[in-house]
Amino acid sequence: VAMGFLGGGFIRVEGLPPAVRGVAPFTPLYWGTQGYRALLENGAGIGGIATHVGVLALMGIVLLGIGAAGLRRTARRGASA
């Protein structure tokens, strides 16, 4: 719920306090909603959302790597216990 609020899922980012707007670009939901808004409201094409898709892909890769490292560490601890 917090990520939804910070990313603009409940209220548009423009309506959020400045401190929250500064944190919003660090959430995946922000990039997804901004990409959808570009498509639906502005009629952007593939080039208009390429940045959004790229940031989401990069976030996915980084978070997958962090999750895999954590799982690997947990599996090693379980195997030695």
# chains A, B, ... in the order shown; residues from 1 in each chain; ligands from 1

call {"tool": "residues_around", "arguments": {"residues": "Ile46 of chain A", "least_positions_apart": "6", "cutoff": "10 Å", "atoms": "only C-alpha atoms", "output": "list in words"}}
result
Gly35, Leu39 and Val53 of chain A

call {"tool": "residues_around", "arguments": {"residues": "segment 6-14 of chain A", "least_positions_apart": "6", "cutoff": "8 Å", "atoms": "only C-alpha atoms", "output": "list in words"}}
result
Val20, Arg21, Val23, Ala24, Pro25, Thr27, Pro28, Leu29, Tyr30, Trp31 and Thr33 of chain A

call {"tool": "write_last_selection", "arguments": {"atoms": "C-alpha atoms", "output": "CSV table (one decimal), in the first residue's frame"}}
result
chain,number,residue,atom,x,y,z
A,20,VAL,CA,6.8,12.4,-1.7
A,21,ARG,CA,7.2,13.5,-5.3
A,23,VAL,CA,10.7,9.6,-3.6
A,24,ALA,CA,8.2,8.5,-6.3
A,25,PRO,CA,10.7,7.9,-9.1
A,27,THR,CA,9.2,3.0,-7.2
A,28,PRO,CA,8.2,0.7,-10.1
A,29,LEU,CA,4.6,1.8,-9.9
A,30,TYR,CA,5.6,5.4,-10.7
A,31,TRP,CA,7.3,4.3,-14.0
A,33,THR,CA,1.7,4.7,-14.3

call {"tool": "residues_around", "arguments": {"residues": "Ala38 of chain A", "least_positions_apart": "5", "cutoff": "12 Å", "atoms": "only C-alpha atoms", "output": "PDB file with C-alpha atoms, in the first residue's frame"}}
result
ATOM      1  CA  TRP A  31       7.270   4.337 -13.973  1.00  0.00           C
ATOM      2  CA  GLY A  32       4.368   2.082 -14.875  1.00  0.00           C
ATOM      3  CA  THR A  33       1.701   4.714 -14.272  1.00  0.00           C
ATOM      4  CA  GLY A  43      -0.948   9.358 -27.315  1.00  0.00           C
ATOM      5  CA  ALA A  44       2.738   8.518 -27.045  1.00  0.00           C
ATOM      6  CA  GLY A  45       4.111   5.734 -29.169  1.00  0.00           C
ATOM      7  CA  ILE A  46       6.770   3.155 -28.441  1.00  0.00           C
ATOM      8  CA  GLY A  47       9.473   5.798 -28.473  1.00  0.00           C
ATOM      9  CA  GLY A  48       7.552   7.841 -25.929  1.00  0.00           C
ATOM     10  CA  ILE A  49       7.492   5.035 -23.398  1.00  0.00           C
ATOM     11  CA  ALA A  50      10.897   3.496 -24.106  1.00  0.00           C
ATOM     12  CA  THR A  51      12.430   5.192 -21.063  1.00  0.00           C
ATOM     13  CA  HIS A  52       9.645   3.914 -18.822  1.00  0.00           C
ATOM     14  CA  VAL A  53      10.017   0.359 -20.122  1.00  0.00           C
TER      15      VAL A  53
END

call {"tool": "closest_residue", "arguments": {"among": "A:Arg73, A:Arg37, A:Phe26, A:Asn42", "to": "Met59 of chain A", "atoms": "only C-alpha atoms"}}
result
A:Phe26

call {"tool": "atom_distance", "arguments": {"atom1": "atom CA of Tyr36 of chain A", "atom2": "atom CA of Ile66 of chain A"}}
result
27.0 Å

call {"tool": "select_by_dssp", "arguments": {"residues": "chain A", "states": "alpha helix (DSSP H)", "output": "ChimeraX atom specification"}}
result
/A:2-7,18-23,28-40,46-80

call {"tool": "write_last_selection", "arguments": {"atoms": "C-alpha atoms", "output": "PDB file, in the first residue's frame"}}
result
ATOM      1  CA  ALA A   2       2.853   2.358   0.816  1.00  0.00           C
ATOM      2  CA  MET A   3       4.507   1.744  -2.555  1.00  0.00           C
ATOM      3  CA  GLY A   4       1.167   2.363  -4.252  1.00  0.00           C
ATOM      4  CA  PHE A   5       0.792   5.679  -2.478  1.00  0.00           C
ATOM      5  CA  LEU A   6       4.392   6.739  -3.107  1.00  0.00           C
ATOM      6  CA  GLY A   7       4.275   5.732  -6.763  1.00  0.00           C
ATOM      7  CA  PRO A  18       6.987  17.692  -2.686  1.00  0.00           C
ATOM      8  CA  ALA A  19       8.826  15.284  -0.376  1.00  0.00           C
ATOM      9  CA  VAL A  20       6.774  12.352  -1.667  1.00  0.00           C
ATOM     10  CA  ARG A  21       7.227  13.473  -5.284  1.00  0.00           C
ATOM     11  CA  GLY A  22      10.978  13.243  -4.731  1.00  0.00           C
ATOM     12  CA  VAL A  23      10.702   9.602  -3.626  1.00  0.00           C
ATOM     13  CA  PRO A  28       8.223   0.737 -10.061  1.00  0.00           C
ATOM     14  CA  LEU A  29       4.593   1.847  -9.883  1.00  0.00           C
ATOM     15  CA  TYR A  30       5.623   5.413 -10.716  1.00  0.00           C
ATOM     16  CA  TRP A  31       7.270   4.337 -13.973  1.00  0.00           C
ATOM     17  CA  GLY A  32       4.368   2.082 -14.875  1.00  0.00           C
ATOM     18  CA  THR A  33       1.701   4.714 -14.272  1.00  0.00           C
ATOM     19  CA  GLN A  34       3.695   7.403 -16.038  1.00  0.00           C
ATOM     20  CA  GLY A  35       4.107   5.105 -19.035  1.00  0.00           C
ATOM     21  CA  TYR A  36       0.381   4.311 -19.136  1.00  0.00           C
ATOM     22  CA  ARG A  37      -0.454   7.987 -18.812  1.00  0.00           C
ATOM     23  CA  ALA A  38       1.880   8.789 -21.693  1.00  0.00           C
ATOM     24  CA  LEU A  39       0.129   6.176 -23.828  1.00  0.00           C
ATOM     25  CA  LEU A  40      -3.452   6.979 -22.877  1.00  0.00           C
ATOM     26  CA  ILE A  46       6.770   3.155 -28.441  1.00  0.00           C
ATOM     27  CA  GLY A  47       9.473   5.798 -28.473  1.00  0.00           C
ATOM     28  CA  GLY A  48       7.552   7.841 -25.929  1.00  0.00           C
ATOM     29  CA  ILE A  49       7.492   5.035 -23.398  1.00  0.00           C
ATOM     30  CA  ALA A  50      10.897   3.496 -24.106  1.00  0.00           C
ATOM     31  CA  THR A  51      12.430   5.192 -21.063  1.00  0.00           C
ATOM     32  CA  HIS A  52       9.645   3.914 -18.822  1.00  0.00           C
ATOM     33  CA  VAL A  53      10.017   0.359 -20.122  1.00  0.00           C
ATOM     34  CA  GLY A  54      13.806   0.539 -19.779  1.00  0.00           C
ATOM     35  CA  VAL A  55      13.666   1.738 -16.180  1.00  0.00           C
ATOM     36  CA  LEU A  56      11.139  -0.965 -15.290  1.00  0.00           C
ATOM     37  CA  ALA A  57      13.316  -3.631 -16.928  1.00  0.00           C
ATOM     38  CA  LEU A  58      16.410  -2.379 -15.102  1.00  0.00           C
ATOM     39  CA  MET A  59      14.545  -2.344 -11.780  1.00  0.00           C
ATOM     40  CA  GLY A  60      13.372  -5.885 -12.468  1.00  0.00           C
ATOM     41  CA  ILE A  61      16.886  -7.117 -13.214  1.00  0.00           C
ATOM     42  CA  VAL A  62      18.370  -5.448 -10.137  1.00  0.00           C
ATOM     43  CA  LEU A  63      15.625  -6.678  -7.813  1.00  0.00           C
ATOM     44  CA  LEU A  64      15.816 -10.184  -9.284  1.00  0.00           C
ATOM     45  CA  GLY A  65      19.561 -10.219  -8.626  1.00  0.00           C
ATOM     46  CA  ILE A  66      19.052  -9.092  -5.025  1.00  0.00           C
ATOM     47  CA  GLY A  67      16.376 -11.730  -4.491  1.00  0.00           C
ATOM     48  CA  ALA A  68      18.475 -14.484  -6.041  1.00  0.00           C
ATOM     49  CA  ALA A  69      21.466 -13.551  -3.876  1.00  0.00           C
ATOM     50  CA  GLY A  70      19.300 -13.616  -0.758  1.00  0.00           C
ATOM     51  CA  LEU A  71      17.788 -16.961  -1.701  1.00  0.00           C
ATOM     52  CA  ARG A  72      21.230 -18.406  -2.424  1.00  0.00           C
ATOM     53  CA  ARG A  73      22.498 -17.225   0.964  1.00  0.00           C
ATOM     54  CA  THR A  74      19.471 -18.702   2.733  1.00  0.00           C
ATOM     55  CA  ALA A  75      19.857 -22.012   0.883  1.00  0.00           C
ATOM     56  CA  ARG A  76      23.511 -22.265   1.878  1.00  0.00           C
ATOM     57  CA  ARG A  77      22.652 -21.690   5.522  1.00  0.00           C
ATOM     58  CA  GLY A  78      19.938 -24.357   5.343  1.00  0.00           C
ATOM     59  CA  ALA A  79      22.240 -26.884   3.728  1.00  0.00           C
ATOM     60  CA  SER A  80      24.901 -26.484   6.427  1.00  0.00           C
TER      61      SER A  80
END

call {"tool": "decode", "arguments": {"residues": "segment 50-63 of chain A", "atoms": "N, CA and C atoms", "output": "PDB file, in the first residue's frame"}}
result
ATOM      1  N   ALA A  50       9.685   4.313 -24.151  1.00  0.00           N
ATOM      2  CA  ALA A  50      10.897   3.496 -24.106  1.00  0.00           C
ATOM      3  C   ALA A  50      11.665   3.698 -22.800  1.00  0.00           C
ATOM      4  N   THR A  51      11.737   4.924 -22.323  1.00  0.00           N
ATOM      5  CA  THR A  51      12.430   5.192 -21.063  1.00  0.00           C
ATOM      6  C   THR A  51      11.733   4.484 -19.910  1.00  0.00           C
ATOM      7  N   HIS A  52      10.406   4.558 -19.885  1.00  0.00           N
ATOM      8  CA  HIS A  52       9.645   3.914 -18.822  1.00  0.00           C
ATOM      9  C   HIS A  52       9.873   2.403 -18.821  1.00  0.00           C
ATOM     10  N   VAL A  53       9.808   1.805 -19.995  1.00  0.00           N
ATOM     11  CA  VAL A  53      10.017   0.359 -20.122  1.00  0.00           C
ATOM     12  C   VAL A  53      11.449  -0.006 -19.720  1.00  0.00           C
ATOM     13  N   GLY A  54      12.403   0.795 -20.126  1.00  0.00           N
ATOM     14  CA  GLY A  54      13.806   0.539 -19.779  1.00  0.00           C
ATOM     15  C   GLY A  54      14.056   0.607 -18.278  1.00  0.00           C
ATOM     16  N   VAL A  55      13.491   1.611 -17.630  1.00  0.00           N
ATOM     17  CA  VAL A  55      13.666   1.738 -16.180  1.00  0.00           C
ATOM     18  C   VAL A  55      13.005   0.563 -15.467  1.00  0.00           C
ATOM     19  N   LEU A  56      11.808   0.187 -15.903  1.00  0.00           N
ATOM     20  CA  LEU A  56      11.139  -0.965 -15.290  1.00  0.00           C
ATOM     21  C   LEU A  56      11.937  -2.252 -15.495  1.00  0.00           C
ATOM     22  N   ALA A  57      12.503  -2.439 -16.663  1.00  0.00           N
ATOM     23  CA  ALA A  57      13.316  -3.631 -16.928  1.00  0.00           C
ATOM     24  C   ALA A  57      14.568  -3.632 -16.055  1.00  0.00           C
ATOM     25  N   LEU A  58      15.210  -2.474 -15.939  1.00  0.00           N
ATOM     26  CA  LEU A  58      16.410  -2.379 -15.102  1.00  0.00           C
ATOM     27  C   LEU A  58      16.076  -2.644 -13.638  1.00  0.00           C
ATOM     28  N   MET A  59      14.963  -2.074 -13.157  1.00  0.00           N
ATOM     29  CA  MET A  59      14.545  -2.344 -11.780  1.00  0.00           C
ATOM     30  C   MET A  59      14.277  -3.831 -11.582  1.00  0.00           C
ATOM     31  N   GLY A  60      13.649  -4.464 -12.559  1.00  0.00           N
ATOM     32  CA  GLY A  60      13.372  -5.885 -12.468  1.00  0.00           C
ATOM     33  C   GLY A  60      14.634  -6.713 -12.395  1.00  0.00           C
ATOM     34  N   ILE A  61      15.617  -6.379 -13.208  1.00  0.00           N
ATOM     35  CA  ILE A  61      16.886  -7.117 -13.214  1.00  0.00           C
ATOM     36  C   ILE A  61      17.615  -6.950 -11.891  1.00  0.00           C
ATOM     37  N   VAL A  62      17.675  -5.715 -11.403  1.00  0.00           N
ATOM     38  CA  VAL A  62      18.370  -5.448 -10.137  1.00  0.00           C
ATOM     39  C   VAL A  62      17.667  -6.162  -8.981  1.00  0.00           C
ATOM     40  N   LEU A  63      16.359  -6.040  -8.906  1.00  0.00           N
ATOM     41  CA  LEU A  63      15.625  -6.678  -7.813  1.00  0.00           C
ATOM     42  C   LEU A  63      15.670  -8.197  -7.908  1.00  0.00           C
TER      43      LEU A  63
END
